[in-house]
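Colleague: Dropping the structure in here first, questions after.
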Amino acid sequence: MWNPLSWVMEAAAVMAIVLANGGGEGPDWQNFVGIICLLIINSTISFIEENNAGNAAAALMARLAPKTKVLRDGQWQETDAAILVPGDIISIKLGDIIPADARLLEGDPLKIDQASALLDSDKSQLNN
């Protein structure tokens with residue numbers, strides 16, 4: 001409830017109570033209750049939308065977390081790149097993002113675009 005629309009509605013609710021309708025009448029309780037109900041509905045909808053947005057962002061981050069194929073215990077397994085340790089053997093193929101500093105053990109020469117790491121468009125040629 002920290003936005004200009006809520007502030008205006010809160011001020012209207014206070015004025016409905018504080019100010020009389022004129023002619024010796026009491027506060028306008030019907031408008032006060034109506035405005036408070038609208039504020040509660042607005043707050044509930046905002047909370048639900050922010051919660052759903054947070055869940056969607058968390059799911060997207062989990063889905064986009066870099067994964068890699070690593071040889072451990074004699075078997076290839078897909079794991080999060082964040083848990084790689086020095087000495088792990090990783091498998092890369094065309095289009096993969098290399099998850100860590102690595103040394104090429106075997107395979108064809110590679111051409112790597114290091115723009116994302118170096119903030120320029122340097123393409124390096126790596127050989128065995």
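Letters A, B, ... go to the chains of the structure tokens in the order shown; residues in each chain start at 1; ligands are counted from 1 in the same order.
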Among the residues of chain A, find those DSSP assigns to strand (DSSP E) from the backbone and print them as a PyMOL selection string.

Modeller: chain A and resi 67-72+75-80+89-91+110-113+123-126

Colleague: Need to verify the contact set: Val85 (chain A), 12 Å, only C-alpha atoms, exclusion of same-chain residues closer than 6 positions in sequence. Can you return it as number ranges by chain?

Modeller: A: 70-72, 79, 99-102

Colleague: As a PyMOL selection string, please: the residues near Ala65 (chain A) (cut-off 12 Å, only C-alpha atoms, same-chain neighbours under 2 positions excluded).

Modeller: chain A and resi 58-63+67-68+79-83+97+99

Colleague: Using only C-alpha atoms, please write the residues we just selected to a file, as a JSON list (two decimals), in the first residue's frame.

Modeller:
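Output (selection.json):
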[["chain", "number", "residue", "atom", "x", "y", "z"],
["A", 58, "ALA", "CA", 13.15, -17.98, -9.42],
["A", 59, "ALA", "CA", 12.02, -20.71, -11.84],
["A", 60, "LEU", "CA", 13.62, -18.88, -14.76],
["A", 61, "MET", "CA", 16.90, -18.45, -12.89],
["A", 62, "ALA", "CA", 16.94, -22.15, -12.00],
["A", 63, "ARG", "CA", 16.25, -23.09, -15.62],
["A", 67, "LYS", "CA", 24.90, -27.00, -16.53],
["A", 68, "THR", "CA", 27.71, -29.12, -17.88],
["A", 79, "THR", "CA", 25.55, -31.25, -13.10],
["A", 80, "ASP", "CA", 25.48, -27.57, -12.22],
["A", 81, "ALA", "CA", 28.56, -25.73, -13.43],
["A", 82, "ALA", "CA", 28.82, -24.02, -10.04],
["A", 83, "ILE", "CA", 30.02, -27.24, -8.39],
["A", 97, "ILE", "CA", 28.98, -22.34, -22.96],
["A", 99, "PRO", "CA", 31.48, -23.29, -17.68]]

Colleague: Of the candidates A:Pro86, A:Met15, A:Ile48, A:Ser43, which one gets nearest to Asp28 (chain A) if we count only C-alpha atoms?

Modeller: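 The answer is A:Met15, which sits nearest to Asp28 (chain A).
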
Colleague: Tell me, in Å to one decimal, how far CA of Gly54 (chain A) is from CA of Met9 (chain A).

Modeller: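 Value for the CA of Gly54 (chain A)-CA of Met9 (chain A) distance: 26.8 Å.
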
Colleague: Determine, counting only C-alpha atoms, which protein, DNA and RNA residues have an atom within 12 Å of an atom of Ile40 (chain A); residues of the same chain fewer than 6 positions away are not included. Present the result as an NGL selection string.

Modeller: :A and (1 or 6 or 9-10 or 33-34 or 46-47)

Colleague: Using only C-alpha atoms, can you tell me which of A:Ile35, A:Leu19, A:Ile89, A:Val8 comes closest to Asp73 (chain A)?

Modeller: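 With only C-alpha atoms as the atom set, the closest residue is A:Ile89.
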